[in-house]
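Text of start.tsv, listed as TSV, C-alpha atoms:
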chain	number	residue	atom	x	y	z
A	1	MET	CA	-2.29	-47.35	-36.40
A	2	GLU	CA	-0.12	-47.87	-39.48
A	3	ALA	CA	-3.07	-47.17	-41.72
A	4	ASN	CA	-3.74	-43.98	-39.77
A	5	THR	CA	-0.12	-42.87	-40.17
A	6	ILE	CA	-0.18	-43.60	-43.90
A	7	GLN	CA	-3.40	-41.63	-44.21
A	8	GLN	CA	-1.83	-38.67	-42.39
A	9	VAL	CA	1.22	-38.76	-44.65
A	10	ASN	CA	-0.89	-38.95	-47.80
A	11	SER	CA	-3.00	-36.02	-46.60
A	12	GLY	CA	0.14	-33.87	-46.16
A	13	LYS	CA	0.11	-34.04	-42.35
A	14	THR	CA	3.19	-35.26	-40.50
A	15	PRO	CA	2.56	-37.25	-37.30
A	16	ARG	CA	3.44	-35.35	-34.13
A	17	LEU	CA	5.79	-38.10	-32.97
A	18	SER	CA	7.87	-37.94	-36.15
A	19	LYS	CA	8.14	-34.14	-35.82
A	20	LYS	CA	9.54	-34.44	-32.30
A	21	LYS	CA	11.92	-37.14	-33.47
A	22	GLY	CA	12.99	-34.91	-36.35
A	23	TYR	CA	13.87	-32.09	-33.99
A	24	LYS	CA	15.87	-34.35	-31.71
A	25	GLN	CA	17.96	-36.03	-34.39
A	26	PRO	CA	20.12	-33.08	-35.58
A	27	TRP	CA	20.87	-31.88	-32.01
A	28	MET	CA	24.50	-31.29	-32.97
A	29	LEU	CA	23.40	-28.86	-35.69
A	30	HIS	CA	21.24	-26.97	-33.21
A	31	PHE	CA	24.18	-26.85	-30.81
A	32	MET	CA	26.37	-25.32	-33.53
A	33	VAL	CA	23.79	-22.56	-34.02
A	34	LEU	CA	23.77	-21.78	-30.28
A	35	PRO	CA	26.71	-19.29	-30.27
A	36	ALA	CA	25.14	-17.30	-33.11
A	37	ALA	CA	21.75	-17.35	-31.34
A	38	VAL	CA	23.36	-16.07	-28.14
A	39	MET	CA	25.10	-13.25	-30.03
A	40	VAL	CA	21.84	-12.25	-31.72
A	41	PHE	CA	20.05	-12.28	-28.37
A	42	ILE	CA	22.69	-10.13	-26.67
A	43	PHE	CA	23.19	-7.57	-29.44
A	44	SER	CA	19.73	-7.52	-31.07
A	45	TYR	CA	17.13	-8.32	-28.41
A	46	VAL	CA	18.60	-7.09	-25.13
A	47	PRO	CA	19.13	-3.52	-26.51
A	48	MET	CA	15.40	-3.38	-27.29
A	49	GLY	CA	14.92	-2.40	-23.67
A	50	GLY	CA	16.23	1.02	-24.73
A	51	ILE	CA	12.91	1.64	-26.50
A	52	LEU	CA	11.70	2.94	-23.13
A	53	MET	CA	13.80	6.08	-23.70
A	54	ALA	CA	11.42	7.18	-26.46
A	55	PHE	CA	8.69	7.66	-23.82
A	56	GLN	CA	10.91	9.20	-21.15
A	57	ASP	CA	12.97	12.30	-20.61
A	58	TYR	CA	15.94	10.02	-20.23
A	59	LYS	CA	18.89	11.08	-18.12
A	60	PRO	CA	21.89	8.71	-17.94
A	61	ALA	CA	22.46	9.64	-14.28
A	62	LEU	CA	18.89	8.64	-13.36
A	63	GLY	CA	18.64	5.52	-15.52
A	64	PHE	CA	15.49	3.90	-16.85
A	65	ALA	CA	13.84	3.54	-13.45
A	66	ASP	CA	14.02	7.17	-12.29
A	67	SER	CA	13.86	9.10	-15.57
A	68	PRO	CA	10.50	10.92	-15.83
A	69	TRP	CA	7.86	9.63	-18.24
A	70	VAL	CA	6.68	12.06	-20.90
A	71	GLY	CA	4.49	9.80	-23.04
A	72	LEU	CA	4.33	10.79	-26.71
A	73	LYS	CA	6.01	14.16	-26.24
A	74	HIS	CA	9.02	13.33	-28.42
A	75	PHE	CA	6.85	11.89	-31.19
A	76	GLU	CA	4.71	15.04	-31.24
A	77	TYR	CA	7.82	17.20	-31.46
A	78	MET	CA	9.14	14.94	-34.23
A	79	TRP	CA	6.07	15.51	-36.40
A	80	GLN	CA	6.10	19.26	-35.74
A	81	ASN	CA	9.75	19.50	-36.77
A	82	ASP	CA	10.04	20.54	-40.42
A	83	TYR	CA	13.59	19.23	-40.58
A	84	PHE	CA	12.36	15.73	-39.72
A	85	LEU	CA	10.12	15.80	-42.79
A	86	GLN	CA	13.11	16.90	-44.87
A	87	ILE	CA	15.36	14.04	-43.69
A	88	THR	CA	12.49	11.58	-44.21
A	89	TRP	CA	12.17	12.78	-47.80
A	90	ASN	CA	15.95	12.53	-48.27
A	91	THR	CA	15.92	8.98	-46.91
A	92	LEU	CA	13.07	7.90	-49.18
A	93	PHE	CA	14.66	9.59	-52.20
A	94	PHE	CA	18.05	7.91	-51.70
A	95	ALA	CA	16.60	4.50	-50.83
A	96	CYS	CA	14.06	4.39	-53.68
A	97	SER	CA	16.55	5.67	-56.25
A	98	LYS	CA	19.10	3.06	-55.22
A	99	MET	CA	16.46	0.34	-55.20
A	100	VAL	CA	15.33	1.13	-58.75
A	101	MET	CA	18.83	1.57	-60.18
A	102	ASN	CA	20.16	-1.54	-58.40
A	103	LEU	CA	17.37	-3.52	-60.05
A	104	ILE	CA	17.48	-2.12	-63.59
A	105	ILE	CA	21.26	-1.93	-64.14
A	106	PRO	CA	22.13	-5.46	-62.88
A	107	PHE	CA	19.17	-6.83	-64.87
A	108	PHE	CA	20.35	-5.45	-68.20
A	109	PHE	CA	24.04	-6.00	-67.47
A	110	ALA	CA	23.30	-9.67	-66.77
A	111	LEU	CA	21.53	-9.89	-70.13
A	112	LEU	CA	24.54	-8.35	-71.89
A	113	LEU	CA	27.05	-10.53	-70.05
A	114	ASN	CA	24.99	-13.60	-70.88
A	115	GLU	CA	25.62	-12.93	-74.58
A	116	VAL	CA	29.42	-13.08	-74.16
A	117	ARG	CA	30.54	-16.44	-75.53
A	118	LYS	CA	34.18	-16.43	-74.45
A	119	MET	CA	34.14	-17.76	-70.89
A	120	ALA	CA	37.51	-16.21	-69.98
A	121	LEU	CA	36.32	-12.74	-70.97
A	122	LYS	CA	32.96	-13.30	-69.28
A	123	ARG	CA	34.53	-14.33	-65.98
A	124	THR	CA	37.01	-11.46	-66.11
A	125	ILE	CA	34.25	-8.88	-66.58
A	126	GLN	CA	32.16	-10.47	-63.84
A	127	THR	CA	35.10	-10.40	-61.42
A	128	LEU	CA	35.93	-6.74	-62.17
A	129	VAL	CA	32.39	-5.50	-61.61
A	130	TYR	CA	32.04	-7.66	-58.50
A	131	LEU	CA	35.23	-6.46	-56.77
A	132	PRO	CA	33.92	-3.07	-55.47
A	133	HIS	CA	31.40	-4.94	-53.33
A	134	PHE	CA	34.24	-6.11	-51.07
A	135	LEU	CA	35.45	-2.57	-50.35
A	136	SER	CA	34.12	-1.03	-47.15
A	137	TRP	CA	32.56	2.41	-47.37
A	138	VAL	CA	35.30	3.77	-45.12
A	139	THR	CA	37.92	2.80	-47.69
A	140	LEU	CA	35.81	3.65	-50.71
A	141	SER	CA	34.78	7.03	-49.27
A	142	GLY	CA	38.41	8.04	-48.84
A	143	ILE	CA	39.05	7.17	-52.49
A	144	LEU	CA	35.95	9.06	-53.66
A	145	ILE	CA	36.78	12.15	-51.60
A	146	ASP	CA	40.22	12.34	-53.22
A	147	MET	CA	38.91	11.67	-56.73
A	148	LEU	CA	35.90	14.01	-56.51
A	149	ALA	CA	37.66	16.94	-54.85
A	150	GLN	CA	37.77	20.19	-56.82
A	151	THR	CA	41.41	19.45	-57.61
A	152	GLY	CA	40.83	15.72	-57.88
A	153	LEU	CA	41.27	13.40	-60.83
A	154	ILE	CA	37.65	13.59	-62.02
A	155	ASN	CA	37.52	17.38	-62.06
A	156	GLN	CA	40.89	17.62	-63.77
A	157	PHE	CA	39.64	15.26	-66.47
A	158	ILE	CA	36.37	17.19	-66.94
A	159	SER	CA	38.15	20.55	-67.02
A	160	SER	CA	40.71	19.42	-69.57
A	161	LEU	CA	38.14	17.71	-71.78
A	162	PHE	CA	35.24	20.19	-71.69
A	163	GLY	CA	36.89	23.32	-70.34
A	164	VAL	CA	34.31	23.79	-67.56
A	165	LYS	CA	34.79	24.86	-63.97
A	166	PRO	CA	35.42	22.18	-61.34
A	167	ILE	CA	32.26	20.59	-59.96
A	168	PHE	CA	31.78	20.54	-56.19
A	169	PHE	CA	30.50	16.94	-56.08
A	170	LEU	CA	30.49	16.60	-52.28
A	171	GLY	CA	29.66	20.22	-51.42
A	172	ASP	CA	26.71	20.93	-53.71
A	173	GLY	CA	23.43	19.33	-52.61
A	174	ASN	CA	22.21	18.27	-56.05
A	175	TRP	CA	25.57	16.86	-57.11
A	176	PHE	CA	25.90	15.12	-53.73
A	177	ARG	CA	22.65	13.25	-54.33
A	178	PHE	CA	23.87	12.15	-57.74
A	179	THR	CA	27.20	11.05	-56.23
A	180	ILE	CA	25.52	9.01	-53.49
A	181	ILE	CA	23.25	7.14	-55.89
A	182	PHE	CA	25.88	6.58	-58.60
A	183	SER	CA	28.59	5.39	-56.17
A	184	ASP	CA	26.20	2.96	-54.46
A	185	VAL	CA	25.11	1.48	-57.79
A	186	TRP	CA	28.73	1.20	-58.95
A	187	LYS	CA	29.67	-0.62	-55.74
A	188	GLU	CA	26.74	-3.03	-55.53
A	189	PHE	CA	25.45	-3.77	-59.03
A	190	GLY	CA	28.06	-6.50	-59.59
A	191	PHE	CA	26.82	-8.37	-56.52
A	192	ASN	CA	23.17	-7.95	-57.50
A	193	MET	CA	24.00	-9.12	-61.02
A	194	ILE	CA	24.98	-12.55	-59.65
A	195	ILE	CA	21.35	-13.17	-58.68
A	196	PHE	CA	20.22	-12.69	-62.27
A	197	LEU	CA	23.12	-14.72	-63.66
A	198	ALA	CA	22.10	-17.57	-61.37
A	199	ALA	CA	18.56	-17.34	-62.72
A	200	LEU	CA	19.90	-17.35	-66.29
A	201	SER	CA	21.88	-20.51	-65.62
A	202	GLY	CA	18.64	-22.25	-64.63
A	203	ILE	CA	16.96	-21.72	-68.00
A	204	ASN	CA	16.46	-24.95	-69.95
A	205	PRO	CA	18.87	-24.90	-72.96
A	206	SER	CA	16.33	-26.84	-75.01
A	207	LEU	CA	14.19	-23.71	-75.14
A	208	TYR	CA	16.95	-21.86	-77.00
A	209	GLU	CA	17.54	-24.84	-79.26
A	210	ALA	CA	13.85	-25.04	-80.17
A	211	ALA	CA	13.72	-21.29	-80.79
A	212	GLU	CA	16.80	-21.49	-83.01
A	213	VAL	CA	15.24	-24.30	-85.02
A	214	ASP	CA	12.17	-22.11	-85.51
A	215	GLY	CA	14.40	-19.36	-86.89
A	216	ALA	CA	14.52	-17.06	-83.87
A	217	GLY	CA	17.72	-15.01	-83.59
A	218	ARG	CA	19.51	-13.97	-80.42
A	219	TRP	CA	17.36	-10.85	-80.04
A	220	LYS	CA	14.06	-12.73	-80.21
A	221	GLN	CA	15.42	-15.44	-77.92
A	222	THR	CA	16.24	-12.75	-75.38
A	223	ILE	CA	12.81	-11.13	-75.69
A	224	TYR	CA	10.70	-14.28	-75.56
A	225	ILE	CA	12.80	-16.66	-73.43
A	226	THR	CA	15.47	-14.91	-71.36
A	227	ILE	CA	13.57	-11.86	-70.11
A	228	PRO	CA	10.37	-13.78	-69.17
A	229	ALA	CA	12.54	-16.24	-67.23
A	230	LEU	CA	14.10	-13.35	-65.27
A	231	ILE	CA	10.84	-11.60	-64.45
A	232	PRO	CA	9.98	-13.78	-61.38
A	233	ILE	CA	13.39	-13.26	-59.75
A	234	ALA	CA	13.21	-9.55	-60.58
A	235	ILE	CA	9.86	-9.39	-58.77
A	236	VAL	CA	11.38	-11.14	-55.76
A	237	VAL	CA	14.36	-8.76	-55.66
A	238	ALA	CA	12.11	-5.70	-56.04
A	239	THR	CA	9.59	-6.73	-53.39
A	240	LEU	CA	12.23	-7.77	-50.86
A	241	ALA	CA	13.96	-4.43	-51.39
A	242	LEU	CA	10.84	-2.68	-50.07
A	243	GLY	CA	11.95	-3.61	-46.57
A	244	ASN	CA	14.98	-1.34	-46.97
A	245	VAL	CA	13.09	1.74	-48.14
A	246	MET	CA	13.81	3.47	-44.82
A	247	ASN	CA	17.51	2.55	-44.99
A	248	ALA	CA	19.63	4.81	-47.16
A	249	ASN	CA	22.99	3.27	-46.16
A	250	PHE	CA	24.32	5.08	-43.09
A	251	ASP	CA	27.94	4.03	-43.74
A	252	GLN	CA	27.99	5.63	-47.17
A	253	VAL	CA	26.27	8.92	-46.31
A	254	PHE	CA	28.10	9.35	-42.99
A	255	ASN	CA	31.52	9.01	-44.62
A	256	LEU	CA	30.74	11.34	-47.53
A	257	TYR	CA	28.48	14.10	-46.23
A	258	SER	CA	29.36	17.37	-44.49
A	259	PRO	CA	27.45	20.26	-42.86
A	260	LEU	CA	27.38	22.00	-46.25
A	261	ILE	CA	24.81	19.58	-47.63
A	262	TYR	CA	22.78	18.59	-44.54
A	263	GLN	CA	19.61	19.96	-46.16
A	264	GLN	CA	19.89	17.70	-49.23
A	265	GLY	CA	22.05	14.86	-47.90
A	266	ASP	CA	21.04	14.22	-44.30
A	267	ILE	CA	19.08	11.01	-43.68
A	268	ILE	CA	17.28	9.56	-40.66
A	269	ASP	CA	20.22	7.42	-39.50
A	270	THR	CA	22.78	10.24	-39.62
A	271	PHE	CA	20.30	12.59	-37.91
A	272	VAL	CA	19.76	10.03	-35.11
A	273	TYR	CA	23.52	9.66	-34.74
A	274	ARG	CA	24.06	13.41	-34.33
A	275	GLU	CA	21.07	13.98	-32.06
A	276	GLY	CA	21.62	10.94	-29.88
A	277	LEU	CA	25.39	10.53	-29.57
A	278	LEU	CA	26.71	14.02	-30.32
A	279	SER	CA	23.97	16.25	-28.89
A	280	GLY	CA	22.90	13.95	-26.05
A	281	GLN	CA	19.18	14.01	-27.02
A	282	PHE	CA	18.80	10.31	-26.28
A	283	SER	CA	15.01	10.25	-25.95
A	284	PHE	CA	14.27	12.24	-29.09
A	285	ALA	CA	16.77	10.20	-31.15
A	286	THR	CA	15.22	6.98	-29.85
A	287	ALA	CA	11.73	8.19	-30.82
A	288	VAL	CA	12.88	8.99	-34.36
A	289	ASN	CA	14.61	5.64	-34.74
A	290	LEU	CA	11.61	3.79	-33.28
A	291	PHE	CA	9.38	5.42	-35.87
A	292	LYS	CA	11.76	4.34	-38.62
A	293	SER	CA	11.94	0.78	-37.27
A	294	ALA	CA	8.13	0.49	-37.09
A	295	ILE	CA	7.74	1.60	-40.71
A	296	SER	CA	10.52	-0.77	-41.80
A	297	LEU	CA	8.83	-3.70	-40.04
A	298	ILE	CA	5.54	-2.98	-41.82
A	299	LEU	CA	7.31	-2.74	-45.18
A	300	ILE	CA	9.16	-6.02	-44.59
A	301	VAL	CA	5.90	-7.84	-43.86
A	302	ILE	CA	4.29	-6.33	-46.95
A	303	SER	CA	7.29	-7.18	-49.14
A	304	TYR	CA	7.28	-10.85	-48.11
A	305	ARG	CA	3.54	-11.04	-48.73
A	306	LEU	CA	4.01	-9.57	-52.20
A	307	ALA	CA	6.96	-11.84	-52.97
A	308	TYR	CA	4.90	-14.90	-52.06
A	309	ARG	CA	1.84	-13.73	-53.99
A	310	PHE	CA	3.52	-12.71	-57.24
A	311	ALA	CA	6.60	-14.96	-57.34
A	312	GLY	CA	5.81	-17.85	-55.01
A	313	TYR	CA	8.79	-16.92	-52.79
A	314	ARG	CA	8.63	-17.59	-49.07
A	315	ILE	CA	11.06	-18.23	-46.23
A	316	PHE	CA	8.66	-19.76	-43.70
Before anything else, please render the file you have as structure tokens.
Amino acid sequence: MEANTIQQVNSGKTPRLSKKKGYKQPWMLHFMVLPAAVMVFIFSYVPMGGILMAFQDYKPALGFADSPWVGLKHFEYMWQNDYFLQITWNTLFFACSKMVMNLIIPFFFALLLNEVRKMALKRTIQTLVYLPHFLSWVTLSGILIDMLAQTGLINQFISSLFGVKPIFFLGDGNWFRFTIIFSDVWKEFGFNMIIFLAALSGINPSLYEAAEVDGAGRWKQTIYITIPALIPIAIVVATLALGNVMNANFDQVFNLYSPLIYQQGDIIDTFVYREGLLSGQFSFATAVNLFKSAISLILIVISYRLAYRFAGYRIF
């Protein structure tokens, strides 16, 4: 029996008895996770019963049991609605733009910050660019609305410096898109930069020492050592971000947009909010959100497959 167990261990297979014993030993740790698991079940799994509304003409007075079934009626109307195609395009545009910019800017900023030799200055810069991440979009949106108003600080500065008319940042569709992307990158790139700084700290210093002995300067060390070392983590960040392609940050858009720029600034989440909670079109809003969730699930599965294939990253 001992020989059989040793053979199983050497072959990479764990005996079934030891697995059961392993699960029983940290029972206190499992018990500590229980409150979080209960919260997830209540707020994430129980509400999934509301998916039924997408296939019904749901009336709150009738409930799920008595509301008439309409099948795929709401999905057919969704695809025939030109405005749905517009908000889908807006969502993809915002999400993809943020994904690309939040990968490129933290990548190069981490490279630049890595070249700073004074640790006090380096930590100060890192703290300053990281601070906006802790501001909620409710607070940050109020600041941006005041600063980007036609009589705000930004327009006063532009007018005095260039002598141009005030720019309607939050009322013009094209400028609104630029504002959404730029403000999101400004808020989050400091947090994303930490991932690349962590990868930089894992590079073997002997590689730089060997390159310096061979006569390579800082530029060549960056090209041939630093950047190749960051490529795997960049692939992981990019592929995992694919799961959020259908999420364009509801909090940000909801707190900054207005009816003036619905055509260029409305996204799926804000549309679902207005249709479902404000207009009372519960079934149609559920159908739209179910479509978005299905696409997001597919993209998440694809992103984890890609992350494992190209960077060896996996959770399970």
Checklist entry - Any idea what the distance is between CA of Val116 (chain A) and CA of Ser183 (chain A)? => result 25.8 Å
Next on the checklist: Distance cut-off 10 Å, centre (17.8, 7.6, -27.3) in file coordinates, counting only C-alpha atoms: which residues qualify? Return them as number ranges by chain.
Outcome noted: A: 50-59, 272-273, 275-277, 280-290
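Here CA of Gly71 (chain A) is placed at a distance of 19.4 Å from CA of Phe84 (chain A).
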Item to check | Given only C-alpha atoms as the counted atoms, nearest of A:Thr179, A:Thr139, A:Ser206, A:Asn114 to Asp251 (chain A) | outcome: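 Looking only at the distances to Asp251 (chain A), the closest residue turns out to be A:Thr139.
Atom to atom, CA of Thr226 (chain A) and CA of Leu306 (chain A) stand 23.0 Å apart.
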Item to check | Nearest residue to Ile203 (chain A) from the set A:Leu29, A:Ala307, A:Ala229, A:Met147 (distances using only C-alpha atoms) | outcome: A:Ala229
Checklist entry - What lies within 12 Å of Leu92 (chain A) using only C-alpha atoms, ignoring chain neighbours under 6 positions off, as a list in words? => result Leu85, Gln86, Lys98, Met99, Val100, Leu242, Gly243, Asn244, Val245, Met246, Asn247, Ala248, Asn249, Gln264, Gly265, Asp266, Ile267, Ile268, Lys292, Ile295 and Ser296 of chain A
Item to check | Within 12 Å of Leu113 (chain A) using only C-alpha atoms, minus same-chain residues under 6 positions, as a PyMOL selection string | outcome: chain A and resi 105-107+119-127+129+190+193-194+196-197+200
